[in-house]
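Undergrad: Structure file data29.cif, mmCIF, C-alpha atoms, is pasted below:
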data_input
#
loop_
_atom_site.label_atom_id
_atom_site.label_comp_id
_atom_site.auth_asym_id
_atom_site.auth_seq_id
_atom_site.Cartn_x
_atom_site.Cartn_y
_atom_site.Cartn_z
CA MET A 1 -101.69 10.21 -25.63
CA LYS A 2 -101.09 8.18 -22.48
CA ILE A 3 -98.28 5.65 -22.48
CA LYS A 4 -97.76 3.24 -19.61
CA LEU A 5 -94.73 1.00 -19.21
CA ILE A 6 -95.23 -2.00 -16.98
CA THR A 7 -92.04 -3.82 -16.07
CA VAL A 8 -91.16 -6.73 -13.83
CA GLY A 9 -88.43 -5.88 -11.32
CA LYS A 10 -86.80 -2.67 -10.22
CA ILE A 11 -84.06 -0.62 -11.82
CA LYS A 12 -81.10 -0.96 -9.46
CA GLU A 13 -78.22 0.60 -11.37
CA LYS A 14 -77.89 4.38 -11.19
CA PHE A 15 -76.74 4.75 -14.81
CA PHE A 16 -79.84 2.94 -16.12
CA GLN A 17 -82.08 5.16 -13.99
CA GLU A 18 -80.32 8.28 -15.28
CA ALA A 19 -81.00 7.21 -18.89
CA ILE A 20 -84.65 6.50 -18.04
CA ASP A 21 -84.95 9.90 -16.36
CA GLU A 22 -83.46 11.62 -19.41
CA TYR A 23 -85.91 10.02 -21.85
CA THR A 24 -88.78 10.64 -19.44
CA LYS A 25 -87.88 14.34 -19.49
CA ARG A 26 -87.64 14.34 -23.30
CA LEU A 27 -91.02 12.62 -23.70
CA LYS A 28 -92.93 15.06 -21.45
CA GLY A 29 -93.91 17.31 -24.34
CA TYR A 30 -95.29 14.43 -26.40
CA CYS A 31 -97.20 12.11 -24.08
CA ASN A 32 -98.35 11.41 -20.56
CA LEU A 33 -95.89 8.73 -19.42
CA GLU A 34 -96.49 6.41 -16.49
CA PHE A 35 -94.16 3.76 -15.08
CA VAL A 36 -95.43 0.75 -13.16
CA GLU A 37 -93.03 -1.76 -11.65
CA VAL A 38 -94.25 -5.08 -10.31
CA SER A 39 -92.06 -7.29 -8.14
CA ASP A 40 -90.30 -10.22 -9.72
CA GLU A 41 -90.59 -13.72 -8.35
CA ILE A 42 -87.59 -15.47 -6.86
CA ILE A 43 -86.06 -17.97 -9.26
CA LYS A 44 -84.36 -20.84 -7.46
CA LYS A 45 -81.20 -22.43 -8.81
CA ASN A 46 -82.76 -25.89 -9.16
CA THR A 47 -85.72 -24.95 -11.28
CA ASN A 48 -87.61 -26.75 -14.02
CA GLU A 49 -90.02 -25.81 -16.80
CA SER A 50 -93.07 -26.33 -14.58
CA LEU A 51 -91.73 -23.99 -11.89
CA ASN A 52 -90.71 -21.46 -14.54
CA MET A 53 -94.27 -21.48 -15.93
CA GLN A 54 -95.65 -20.89 -12.42
CA ILE A 55 -93.29 -17.95 -11.93
CA LYS A 56 -94.31 -16.40 -15.28
CA GLU A 57 -98.00 -16.84 -14.42
CA LYS A 58 -97.55 -15.19 -10.99
CA GLU A 59 -95.72 -12.26 -12.55
CA GLY A 60 -98.44 -12.13 -15.22
CA GLU A 61 -101.13 -11.85 -12.53
CA LYS A 62 -99.32 -8.87 -11.04
CA ILE A 63 -99.09 -7.26 -14.47
CA LEU A 64 -102.75 -7.93 -15.29
CA ALA A 65 -103.78 -6.23 -12.03
CA LYS A 66 -102.18 -3.00 -13.35
CA ILE A 67 -103.95 -2.99 -16.74
CA LYS A 68 -107.32 -1.33 -17.29
CA GLU A 69 -109.85 -2.77 -19.73
CA GLN A 70 -109.63 0.15 -22.20
CA GLU A 71 -105.82 0.03 -22.49
CA TYR A 72 -104.26 -1.20 -25.71
CA VAL A 73 -101.52 -3.61 -24.63
CA ILE A 74 -98.28 -4.17 -26.53
CA LEU A 75 -96.10 -6.95 -25.18
CA LEU A 76 -92.35 -6.89 -25.72
CA ASP A 77 -91.69 -10.48 -26.67
CA LEU A 78 -89.28 -12.52 -28.74
CA ASN A 79 -91.91 -14.93 -30.08
CA ASP A 80 -94.22 -14.23 -33.04
CA SER A 81 -93.72 -10.48 -32.70
CA LYS A 82 -93.74 -7.55 -35.11
CA GLU A 83 -90.43 -5.88 -35.83
CA PHE A 84 -90.46 -2.28 -37.08
CA SER A 85 -88.01 0.24 -38.42
CA SER A 86 -88.12 3.50 -36.46
CA ASN A 87 -90.17 5.17 -39.21
CA ASP A 88 -92.62 2.27 -39.37
CA PHE A 89 -92.94 2.24 -35.58
CA ALA A 90 -93.83 5.95 -35.69
CA LYS A 91 -96.44 5.26 -38.38
CA HIS A 92 -97.82 2.39 -36.32
CA LEU A 93 -98.19 4.60 -33.22
CA ASP A 94 -99.89 7.23 -35.38
CA ALA A 95 -102.29 4.60 -36.77
CA LEU A 96 -103.15 3.45 -33.25
CA LEU A 97 -103.91 7.05 -32.25
CA THR A 98 -105.98 7.60 -35.38
CA ASN A 99 -107.99 4.48 -34.54
CA GLY A 100 -108.83 5.74 -31.04
CA LYS A 101 -106.12 3.93 -29.06
CA SER A 102 -105.14 6.87 -26.86
CA SER A 103 -103.98 4.75 -23.91
CA ILE A 104 -101.18 2.36 -24.85
CA THR A 105 -99.51 0.06 -22.36
CA PHE A 106 -96.17 -1.60 -23.08
CA VAL A 107 -95.24 -4.66 -21.01
CA ILE A 108 -91.72 -5.92 -20.38
CA GLY A 109 -91.81 -9.25 -18.55
CA GLY A 110 -89.39 -10.79 -16.10
CA SER A 111 -86.18 -12.66 -16.86
CA LEU A 112 -88.13 -15.80 -17.82
CA GLY A 113 -90.42 -13.93 -20.19
CA LEU A 114 -94.18 -13.60 -20.22
CA GLY A 115 -96.78 -16.08 -19.00
CA GLU A 116 -99.72 -17.28 -21.07
CA ASN A 117 -102.13 -15.25 -18.93
CA ILE A 118 -100.56 -11.94 -20.00
CA ARG A 119 -100.02 -13.17 -23.57
CA LYS A 120 -103.79 -13.68 -23.86
CA ARG A 121 -104.40 -10.07 -22.76
CA GLY A 122 -101.92 -8.51 -25.16
CA ASN A 123 -103.30 -6.85 -28.27
CA GLU A 124 -100.02 -7.25 -30.12
CA LYS A 125 -96.39 -8.21 -29.62
CA LEU A 126 -93.36 -6.07 -30.41
CA LEU A 127 -89.81 -7.24 -31.06
CA LEU A 128 -87.15 -4.63 -30.32
CA SER A 129 -84.42 -6.85 -31.71
CA LYS A 130 -83.63 -10.50 -32.23
CA MET A 131 -80.80 -9.96 -29.77
CA THR A 132 -81.43 -10.48 -26.07
CA PHE A 133 -81.23 -7.45 -23.77
CA THR A 134 -81.54 -7.06 -20.03
CA HIS A 135 -84.95 -5.77 -18.99
CA GLN A 136 -83.37 -2.48 -17.96
CA MET A 137 -81.84 -2.06 -21.42
CA ALA A 138 -85.12 -2.99 -23.12
CA LYS A 139 -86.86 -0.25 -21.13
CA ILE A 140 -84.31 2.35 -22.22
CA ILE A 141 -84.39 1.22 -25.86
CA LEU A 142 -88.19 1.38 -25.89
CA LEU A 143 -88.17 4.88 -24.38
CA GLU A 144 -85.64 6.03 -26.97
CA GLN A 145 -87.74 4.60 -29.80
CA LEU A 146 -90.88 6.26 -28.43
CA PHE A 147 -89.03 9.59 -28.31
CA ARG A 148 -87.74 9.05 -31.85
CA ALA A 149 -91.26 8.15 -33.05
CA PHE A 150 -92.74 11.35 -31.63
CA LYS A 151 -89.96 13.40 -33.24
CA ILE A 152 -90.70 11.72 -36.59
CA LEU A 153 -94.46 12.26 -36.25
CA ASN A 154 -93.91 15.94 -35.48
CA ASN A 155 -91.46 16.41 -38.37
CA GLU A 156 -88.74 17.39 -35.93
CA THR A 157 -85.09 16.61 -36.46
CA TYR A 158 -83.39 13.93 -34.44
CA HIS A 159 -80.00 12.38 -35.08
CA LYS A 160 -79.96 9.27 -37.24
#
As a first step, turn the structure in this file into structure tokens.
TA:
Amino acid sequence: MKIKLITVGKIKEKFFQEAIDEYTKRLKGYCNLEFVEVSDEIIKKNTNESLNMQIKEKEGEKILAKIKEQEYVILLDLNDSKEFSSNDFAKHLDALLTNGKSSITFVIGGSLGLGENIRKRGNEKLLLSKMTFTHQMAKIILLEQLFRAFKILNNETYHK
């Protein structure tokens, strides 16, 4: 299985990168993992909804340029999204694989969220939590849940 994570912005803090590196190492035996970072747009202090929409659309264009037609795209989004337990998330990944979705792309948008252009491309939306996390934290939480899902699917123990 190939899993791609597309994120807006770079990881700047060393401790976040160390956590990402650790889960990347743990996931090596379960999937082919690829990271794609696209640059975030500058958000000015005196912004409005129209400018925010333009920023989200520009970031969405950059994201869309990194997605291939055959990829199944799961957007991390707060709006109208599916929320899973860890076991149900594992079952969902297994169902996607069973149905021929061997290349899954997860998208984490910028600080303003996702534009309509990328929302239209998404095959589904995933809610990690109703709480708000930084994009760096969302990336780490997603990686941890992917690792947990593969452990569950392989009937391997993992702390609860």
Undergrad: Show which residues sit within 12 Å of segment 65-81 of chain A, as a PyMOL selection string. Count all atoms listed in the file, and ignore same-chain residues fewer than 6 positions away.
TA: chain A and resi 1-8+34-38+58-59+92-93+96-97+99-133+135+138-139+141-142
Undergrad: For the atom pair atom CA of Ser85 of chain A and atom CA of Gln136 of chain A, what is the interatomic distance in Å to one decimal place?
TA: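 These atoms are spaced 21.2 Å apart.
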Undergrad: Which residues, named as in the file, does the PyMOL selection byres ((chain A and resi 15-18) around 12) pick out? Answer as number ranges by chain.
TA: A: 10-14, 19-25, 134-141, 143
Undergrad: Any idea what the distance is between atom CA of Arg26 of chain A and atom CA of Phe147 of chain A?
TA: 7.0 Å
Undergrad: Which residue, A:Leu146, A:Ala95, A:Asp40, A:Ser86, has the smallest gap to Lys28 of chain A when you use only C-alpha atoms?
TA: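 The shortest atom-to-atom distance to Lys28 of chain A comes from A:Leu146.
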Undergrad: For this file, the PyMOL selection byres ((chain A and resi 149) around 12) selects which residues, as a PyMOL selection string?
TA: chain A and resi 27+30-31+84-94+142-148+150-158
Undergrad: Write the residues you've just listed into a file as an mmCIF file, in the coordinates of the input, and include C-alpha atoms for each of them.
TA:
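Output below, filename selection.cif:
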data_model
loop_
_atom_site.group_PDB
_atom_site.id
_atom_site.type_symbol
_atom_site.label_atom_id
_atom_site.label_comp_id
_atom_site.auth_asym_id
_atom_site.auth_seq_id
_atom_site.Cartn_x
_atom_site.Cartn_y
_atom_site.Cartn_z
ATOM 1 C CA LEU A 27 -91.020 12.620 -23.700
ATOM 2 C CA TYR A 30 -95.290 14.430 -26.400
ATOM 3 C CA CYS A 31 -97.200 12.110 -24.080
ATOM 4 C CA PHE A 84 -90.460 -2.280 -37.080
ATOM 5 C CA SER A 85 -88.010 0.240 -38.420
ATOM 6 C CA SER A 86 -88.120 3.500 -36.460
ATOM 7 C CA ASN A 87 -90.170 5.170 -39.210
ATOM 8 C CA ASP A 88 -92.620 2.270 -39.370
ATOM 9 C CA PHE A 89 -92.940 2.240 -35.580
ATOM 10 C CA ALA A 90 -93.830 5.950 -35.690
ATOM 11 C CA LYS A 91 -96.440 5.260 -38.380
ATOM 12 C CA HIS A 92 -97.820 2.390 -36.320
ATOM 13 C CA LEU A 93 -98.190 4.600 -33.220
ATOM 14 C CA ASP A 94 -99.890 7.230 -35.380
ATOM 15 C CA LEU A 142 -88.190 1.380 -25.890
ATOM 16 C CA LEU A 143 -88.170 4.880 -24.380
ATOM 17 C CA GLU A 144 -85.640 6.030 -26.970
ATOM 18 C CA GLN A 145 -87.740 4.600 -29.800
ATOM 19 C CA LEU A 146 -90.880 6.260 -28.430
ATOM 20 C CA PHE A 147 -89.030 9.590 -28.310
ATOM 21 C CA ARG A 148 -87.740 9.050 -31.850
ATOM 22 C CA PHE A 150 -92.740 11.350 -31.630
ATOM 23 C CA LYS A 151 -89.960 13.400 -33.240
ATOM 24 C CA ILE A 152 -90.700 11.720 -36.590
ATOM 25 C CA LEU A 153 -94.460 12.260 -36.250
ATOM 26 C CA ASN A 154 -93.910 15.940 -35.480
ATOM 27 C CA ASN A 155 -91.460 16.410 -38.370
ATOM 28 C CA GLU A 156 -88.740 17.390 -35.930
ATOM 29 C CA THR A 157 -85.090 16.610 -36.460
ATOM 30 C CA TYR A 158 -83.390 13.930 -34.440
#
Undergrad: Suppose you want the space between atom CA of Ile42 of chain A and atom CA of Lys56 of chain A; what is it in Å?
TA: 10.8 Å
